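Participant: My structure is stored as final_34.cif, with mmCIF, C-alpha atoms and all ligand atoms.
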```
data_coords
loop_
_atom_site.label_atom_id
_atom_site.label_comp_id
_atom_site.auth_asym_id
_atom_site.auth_seq_id
_atom_site.Cartn_x
_atom_site.Cartn_y
_atom_site.Cartn_z
CA MET A 255 -17.41 -8.00 10.50
CA ARG A 256 -15.70 -8.75 7.23
CA ARG A 257 -17.63 -7.53 4.24
CA PHE A 258 -15.42 -9.38 1.79
CA GLY A 259 -14.55 -12.58 3.64
CA ARG A 260 -11.21 -13.88 4.78
CA ALA A 261 -10.28 -15.53 1.50
CA SER A 262 -9.61 -12.33 -0.39
CA ASN A 263 -7.92 -14.20 -3.22
CA VAL A 264 -9.78 -16.84 -5.17
CA ASN A 265 -7.99 -19.02 -7.66
CA ILE A 266 -10.27 -19.63 -10.61
CA GLY A 267 -7.97 -21.73 -12.75
CA ALA A 268 -7.55 -25.47 -12.78
CA THR A 269 -3.77 -25.26 -12.77
CA GLY A 270 -3.09 -22.06 -10.90
CA ARG A 271 -1.89 -22.26 -7.33
CA ALA A 272 -3.46 -20.51 -4.41
CA THR A 273 -2.54 -16.86 -4.64
CA GLY A 274 -2.49 -16.48 -0.90
CA ASP A 275 0.53 -18.76 -0.60
CA GLY A 276 2.67 -16.36 -2.53
CA ALA A 277 1.34 -13.35 -0.67
CA ALA A 278 2.11 -15.03 2.63
CA GLY A 279 5.62 -15.64 1.40
CA ALA A 280 5.87 -11.97 0.64
CA CYS A 281 5.49 -11.23 4.33
CA SER A 282 8.23 -13.56 5.53
CA GLY A 283 11.22 -11.32 4.76
CA GLN A 284 13.76 -10.26 7.31
CA VAL A 285 13.82 -6.79 8.80
CA GLY A 286 16.87 -4.90 9.92
CA GLN A 287 18.28 -4.41 13.36
CA ILE A 288 16.36 -2.35 15.84
CA GLY A 289 17.86 1.10 16.30
CA SER A 290 17.94 2.58 19.76
CA SER A 291 20.08 5.69 19.76
CA VAL A 292 19.10 9.16 18.63
CA GLN A 293 21.87 8.96 16.05
CA GLN A 294 20.13 5.98 14.42
CA HIS A 295 17.01 8.08 13.83
CA ARG A 296 18.93 9.94 11.12
CA LEU A 297 17.48 9.15 7.74
CA PRO A 298 19.75 6.77 5.80
CA ASP A 299 20.59 7.98 2.29
CA VAL A 300 19.56 4.70 0.69
CA ALA A 301 16.12 4.75 2.32
CA ALA A 302 15.63 8.38 1.27
CA ALA A 303 16.61 7.66 -2.33
CA THR A 304 14.34 4.62 -2.44
CA LEU A 305 11.38 6.54 -1.10
CA LEU A 306 11.91 9.55 -3.36
CA SER A 307 12.10 7.24 -6.36
CA LEU A 308 8.84 5.49 -5.44
CA ALA A 309 7.03 8.79 -4.90
CA SER A 310 8.28 10.45 -8.08
CA ARG A 311 7.43 7.34 -10.11
CA CYS A 312 3.81 7.44 -8.92
CA HIS A 313 3.58 11.21 -9.36
CA ALA A 314 4.83 10.90 -12.94
CA ARG A 315 2.00 8.45 -13.68
CA GLY A 316 -0.60 10.94 -12.43
CA TRP A 317 -1.45 8.96 -9.28
CA ALA A 318 -0.31 11.52 -6.70
CA GLN A 319 -1.38 14.91 -7.96
CA ALA A 320 -1.91 18.16 -6.05
CA THR A 321 0.12 17.01 -3.00
CA SER A 322 -2.02 13.86 -2.67
CA GLY A 323 -0.72 10.38 -1.92
CA ASN A 324 2.00 9.34 0.49
CA PHE A 325 4.79 6.82 0.51
CA SER A 326 6.90 5.09 3.12
CA VAL A 327 9.83 2.68 3.51
CA ARG A 328 10.62 0.56 6.55
CA LEU A 329 13.93 1.21 8.30
CA ASP A 330 13.81 -1.66 10.80
CA ALA A 331 11.44 -3.50 13.12
CA ARG A 332 10.43 -0.30 14.94
CA ARG A 333 10.69 2.58 12.49
CA PHE A 334 9.80 3.67 9.00
CA VAL A 335 10.37 6.78 6.92
CA ILE A 336 7.44 8.62 5.35
CA THR A 337 6.73 11.72 3.32
CA LYS A 338 5.90 14.88 5.23
CA SER A 339 2.40 16.30 5.06
CA GLY A 340 1.08 18.33 2.15
CA LEU A 341 4.03 18.34 -0.25
CA ASP A 342 4.24 18.13 -4.04
CA LYS A 343 5.18 14.49 -4.72
CA GLY A 344 6.81 15.53 -7.96
CA ALA A 345 9.38 17.75 -6.23
CA LEU A 346 10.28 15.89 -3.05
CA ARG A 347 13.75 16.16 -1.51
CA ALA A 348 15.35 14.13 1.27
CA GLU A 349 14.50 16.87 3.78
CA ASP A 350 10.82 16.31 2.96
CA LEU A 351 10.95 12.88 4.62
CA LEU A 352 10.90 11.99 8.28
CA VAL A 353 11.33 8.99 10.52
CA VAL A 354 8.42 7.75 12.64
CA ASP A 355 7.89 4.82 14.98
CA LEU A 356 5.36 2.05 14.33
CA ASP A 357 2.68 4.09 16.11
CA GLY A 358 3.30 6.95 13.69
CA ASN A 359 5.05 9.23 16.20
CA PRO A 360 7.74 11.45 14.63
CA LEU A 361 11.33 10.65 15.62
CA THR A 362 12.84 13.41 13.47
CA ASP A 363 11.70 16.97 12.77
CA GLY A 364 8.51 17.68 10.86
CA ARG A 365 4.87 16.71 10.59
CA PRO A 366 4.25 13.34 8.97
CA SER A 367 1.56 12.73 6.41
CA ALA A 368 -1.93 12.78 7.89
CA GLU A 369 -2.36 9.19 6.74
CA THR A 370 0.66 7.88 8.62
CA PRO A 371 -1.56 5.65 10.86
CA LEU A 372 -2.56 3.64 7.78
CA HIS A 373 1.10 3.01 6.90
CA ALA A 374 1.86 2.14 10.51
CA GLN A 375 -0.97 -0.42 10.52
CA VAL A 376 0.67 -2.28 7.64
CA TYR A 377 4.14 -2.27 9.21
CA ARG A 378 2.87 -3.40 12.62
CA ARG A 379 0.86 -6.27 11.18
CA ARG A 380 3.20 -7.44 8.43
CA PRO A 381 6.82 -7.70 9.57
CA GLY A 382 8.06 -8.61 6.08
CA ILE A 383 6.62 -5.54 4.38
CA THR A 384 9.25 -2.89 3.71
CA ALA A 385 7.45 -0.32 1.54
CA VAL A 386 3.91 1.10 1.33
CA ALA A 387 2.46 3.19 -1.50
CA HIS A 388 -0.75 5.21 -1.31
CA THR A 389 -2.07 6.73 -4.53
CA HIS A 390 -5.04 8.89 -5.57
CA SER A 391 -5.58 7.77 -9.15
CA VAL A 392 -8.75 8.46 -11.12
CA ALA A 393 -9.45 4.72 -11.55
CA ALA A 394 -9.06 3.94 -7.83
CA THR A 395 -11.15 6.96 -6.88
CA VAL A 396 -14.02 6.28 -9.28
CA LEU A 397 -14.20 2.48 -8.88
CA SER A 398 -13.96 2.52 -5.10
CA ARG A 399 -16.91 4.89 -4.90
CA ALA A 400 -18.98 3.02 -7.48
CA LEU A 401 -18.39 -0.38 -5.83
CA LEU A 402 -18.48 0.59 -2.17
CA ALA A 403 -21.79 -1.20 -1.63
CA GLU A 404 -20.25 -4.47 -2.85
CA GLY A 405 -17.30 -3.96 -0.51
CA TYR A 406 -14.59 -4.95 -3.00
CA VAL A 407 -13.35 -4.78 -6.57
CA VAL A 408 -12.72 -8.09 -8.32
CA LEU A 409 -9.61 -8.25 -10.48
CA SER A 410 -9.93 -11.39 -12.58
CA GLY A 411 -8.58 -13.01 -15.72
CA PHE A 412 -5.97 -10.38 -16.59
CA GLU A 413 -2.40 -11.27 -17.57
CA MET A 414 -1.23 -8.35 -15.45
CA LEU A 415 -2.30 -10.24 -12.30
CA LYS A 416 0.98 -12.14 -12.66
CA ALA A 417 2.82 -8.97 -11.62
CA LEU A 418 1.48 -9.57 -8.12
CA VAL A 419 3.72 -11.73 -5.97
CA GLY A 420 2.68 -15.38 -5.83
CA ILE A 421 0.38 -15.29 -8.87
CA ASP A 422 1.54 -17.25 -11.91
CA THR A 423 -1.56 -17.45 -14.08
CA HIS A 424 -4.12 -15.05 -15.48
CA GLU A 425 -6.74 -17.61 -14.40
CA THR A 426 -6.88 -15.98 -11.00
CA ALA A 427 -9.22 -13.59 -9.25
CA ILE A 428 -8.40 -11.36 -6.34
CA ARG A 429 -10.73 -9.17 -4.35
CA LEU A 430 -9.49 -5.73 -3.41
CA PRO A 431 -11.42 -4.63 -0.29
CA ILE A 432 -13.07 -1.18 -0.20
CA PHE A 433 -13.49 0.79 3.01
CA PRO A 434 -15.67 3.88 3.38
CA ASN A 435 -13.57 7.02 3.45
CA GLU A 436 -13.04 8.64 6.83
CA GLN A 437 -11.36 11.89 7.90
CA ASP A 438 -10.48 10.43 11.30
CA VAL A 439 -7.49 8.47 10.00
CA GLN A 440 -6.72 6.82 13.32
CA ARG A 441 -10.26 5.44 13.43
CA LEU A 442 -9.92 4.34 9.81
CA ALA A 443 -6.66 2.54 10.62
CA THR A 444 -8.40 0.77 13.49
CA GLN A 445 -11.17 -0.35 11.16
CA VAL A 446 -8.71 -1.58 8.52
CA ASP A 447 -6.78 -3.44 11.20
CA ALA A 448 -9.94 -5.06 12.56
CA GLU A 449 -11.10 -6.22 9.14
CA LEU A 450 -7.79 -7.07 7.44
CA GLY A 451 -5.37 -7.44 10.30
CA GLY A 452 -2.25 -9.03 8.91
CA ASP A 453 -4.13 -11.00 6.27
CA ASP A 454 -1.36 -12.05 3.90
CA CYS A 455 -3.88 -12.80 1.15
CA VAL A 456 -4.59 -9.11 0.61
CA TYR A 457 -2.41 -7.15 -1.82
CA GLY A 458 -3.94 -3.83 -0.92
CA TYR A 459 -7.23 -2.06 -0.33
CA LEU A 460 -9.21 0.94 -1.52
CA LEU A 461 -10.70 3.87 0.34
CA ALA A 462 -13.96 4.92 -1.31
CA GLY A 463 -13.68 8.06 -3.44
CA HIS A 464 -10.11 8.41 -2.23
CA GLY A 465 -7.46 5.96 -3.45
CA LEU A 466 -5.36 2.81 -3.12
CA TYR A 467 -3.05 1.39 -0.47
CA THR A 468 -0.64 -1.34 -1.49
CA TRP A 469 2.76 -2.60 -0.34
CA GLY A 470 5.64 -4.98 -0.94
CA THR A 471 8.53 -6.82 0.66
CA SER A 472 10.85 -4.38 -1.14
CA ALA A 473 10.41 -0.96 -2.66
CA GLY A 474 10.66 -2.58 -6.06
CA GLU A 475 7.88 -5.01 -5.23
CA ALA A 476 5.70 -2.18 -3.88
CA ALA A 477 6.30 -0.22 -7.08
CA ARG A 478 5.39 -3.26 -9.17
CA HIS A 479 2.24 -3.83 -7.13
CA VAL A 480 1.07 -0.23 -7.36
CA GLU A 481 1.67 -0.19 -11.11
CA ALA A 482 -0.05 -3.53 -11.63
CA ILE A 483 -3.08 -2.74 -9.47
CA GLU A 484 -3.50 0.71 -10.99
CA PHE A 485 -3.34 -0.89 -14.45
CA LEU A 486 -5.91 -3.51 -13.44
CA LEU A 487 -8.22 -0.89 -11.97
CA GLU A 488 -8.02 1.07 -15.22
CA CYS A 489 -8.97 -2.10 -17.10
CA VAL A 490 -12.00 -2.66 -14.88
CA LEU A 491 -13.00 0.99 -15.21
CA HIS A 492 -12.74 0.89 -19.01
CA GLY A 493 -14.74 -2.34 -19.02
CA ARG A 494 -17.62 -0.66 -17.23
CA ARG A 495 -17.93 2.20 -19.73
ZN ZN B 501 -4.94 9.76 0.66
#
```
Just give me the structure of the file as C-alpha cells.

Facilitator:
Amino acid sequence: MRRFGRASNVNIGATGRATGDGAAGACSGQVGQIGSSVQQHRLPDVAAATLLSLASRCHARGWAQATSGNFSVRLDARRFVITKSGLDKGALRAEDLLVVDLDGNPLTDGRPSAETPLHAQVYRRRPGITAVAHTHSVAATVLSRALLAEGYVVLSGFEMLKALVGIDTHETAIRLPIFPNEQDVQRLATQVDAELGGDDCVYGYLLAGHGLYTWGTSAGEAARHVEAIEFLLECVLHGRR
C-alpha cells in the first residue's frame, strides 16, 4: 500500500523537466571495490572526516541536538560507516564511528546507532547513494506530525527546490512521504522498504514527530539535500502559522 503514490515528484511547470529523471541519475554512481579482509574493515581517514563534517554541520544548524540524529557514509558495495549510538553530534571523533555491513551488523568495535537499519535500507536499495543524513529538526518534527494523515508534505514553487539534484525550476512540486514513527526500527525499515523500495523519485522521507531522512550520491550532495529540505520544511511551517 502506497499512501502517496509512486510518482512522488510532480512537475508543475510547463518548461520544467521531470524531477524523477534527475533523481534516478543520482542513483547511477559507481561504488568502490568490495572489501573482504579484516584489515579492510578499518575506517578510512577520508570517510571518517567526511562523516564527521556532515554530522557537525547538521548539529551546528540545530538539527541534531541532545545526541539525536545519525549520519553515515558508504565505504563500498557491502559496507558503510555510521555514528555510534547516543553520542553528542557536536563533539564526534573518528573513534565514535564504526563500520557495518548492509544488514547493519557491526564489523568494527562498538554499538551502531539504533536507526542503522534505516540507513542500511537506503544503501541496499540504491547502489549509487554514498551518504545518508538523519536529522531531528523542529520543522521536520512538527510538520510530519501535523501532516501524518495526508501521508506526505508537498514542497512546491520554491526556488530552493533547485538545490535538489535533477530539479532546474521552481515550478516543481515534490512530495516528501511521512511514515508513522515506530520504536521497532527493523520493522520500520521493512515498512519503508515496502513502500519506497529503491524509488529514485524520492529525495527523502519523514518519520512523524521524529525527523527527516535524506541522502545523496556524495557527502556534499547529501549535505545540500538536507540543508535544502530543512529550509523548505521551515518555509512550509512558517506558511502554516
Ligand atoms: Zn531519529

Participant: Could you list, as a count of residues only, all residues that come within 8 Å of ligand ZN 501 (chain B)? Count only C-alpha atoms and all ligand atoms.

Facilitator: 10

Participant: Got a sec: who's within 6 Å of Ala473 in chain A, counting all atoms listed in the file, leaving out chain neighbours fewer than 2 positions off, as a list of chain:residue names?

Facilitator: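 Neighbouring residues, sequence-local ones excluded: A:Ala385, A:Glu475, A:Ala476.
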
Participant: Expressed in Å to a single decimal, how great is the separation between CA of Tyr377 in chain A and CA of Glu413 in chain A?

Facilitator: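 Calculated distance between CA of Tyr377 in chain A and CA of Glu413 in chain A is 29.0 Å.
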
Participant: Rounded to one decimal in Å, what is the spacing between CA of Leu297 in chain A and CA of Gly458 in chain A?

Facilitator: 26.5 Å

Participant: Report as a tab-separated table the residues of range 374-401 of chain A within 9 Å of range 484-492 of chain A, each with its shortest atom pair and distance in Å (one decimal), using all atoms listed in the file, ordered by chain and increasing residue number.

Facilitator:
```
residue	atom	partner	partner_atom	distance
A:Thr389	CA	A:Glu484	CA	8.9
A:Ser391	CA	A:Glu484	CA	7.6
A:Val392	CA	A:Glu488	CA	8.5
A:Ala393	CA	A:Glu488	CA	5.4
A:Ala394	CA	A:Leu487	CA	6.4
A:Val396	CA	A:Leu491	CA	8.0
A:Leu397	CA	A:Leu491	CA	6.6
```

Participant: Which residue is closest to Ala301 in chain A? Choose from A:Ala348, A:Thr321, A:Gly420, A:Ser339 and count all atoms listed in the file.

Facilitator: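 When distances to Ala301 in chain A are compared using all atoms listed in the file, the smallest one comes from A:Ala348.
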
Participant: Once you count only C-alpha atoms, what closest atom pair and distance in Å to one decimal does each residue of range 303-323 of chain A within 12 Å of range 350-362 of chain A have, with rows by chain and rising residue number, as a Markdown table?

Facilitator:
```
| residue | atom | partner | partner_atom | distance |
| --- | --- | --- | --- | --- |
| A:Ala303 | CA | A:Leu351 | CA | 10.4 |
| A:Thr304 | CA | A:Leu351 | CA | 11.4 |
| A:Leu305 | CA | A:Leu351 | CA | 8.5 |
| A:Leu306 | CA | A:Leu351 | CA | 8.7 |
| A:Ala309 | CA | A:Leu351 | CA | 11.1 |
```

Participant: Just checking: using only C-alpha atoms, which residue out of A:Gly463, A:Pro371, A:Pro366, A:Pro381 ends up closest to Leu402 in chain A?

Facilitator: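 Among the listed residues, the smallest separation from Leu402 in chain A belongs to A:Gly463.
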
Participant: Can you measure CA of Ile432 in chain A to CA of Ala462 in chain A for me? One decimal in Å is fine.

Facilitator: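 Atom-to-atom, CA of Ile432 in chain A and CA of Ala462 in chain A are spaced 6.3 Å apart.
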
Participant: Using only C-alpha atoms, pick whichever of A:Arg494, A:Arg328, A:Arg347, A:Arg441 has the shortest atom-to-atom distance to Ser310 in chain A.

Facilitator: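 When distances to Ser310 in chain A are compared using only C-alpha atoms, the smallest one comes from A:Arg347.
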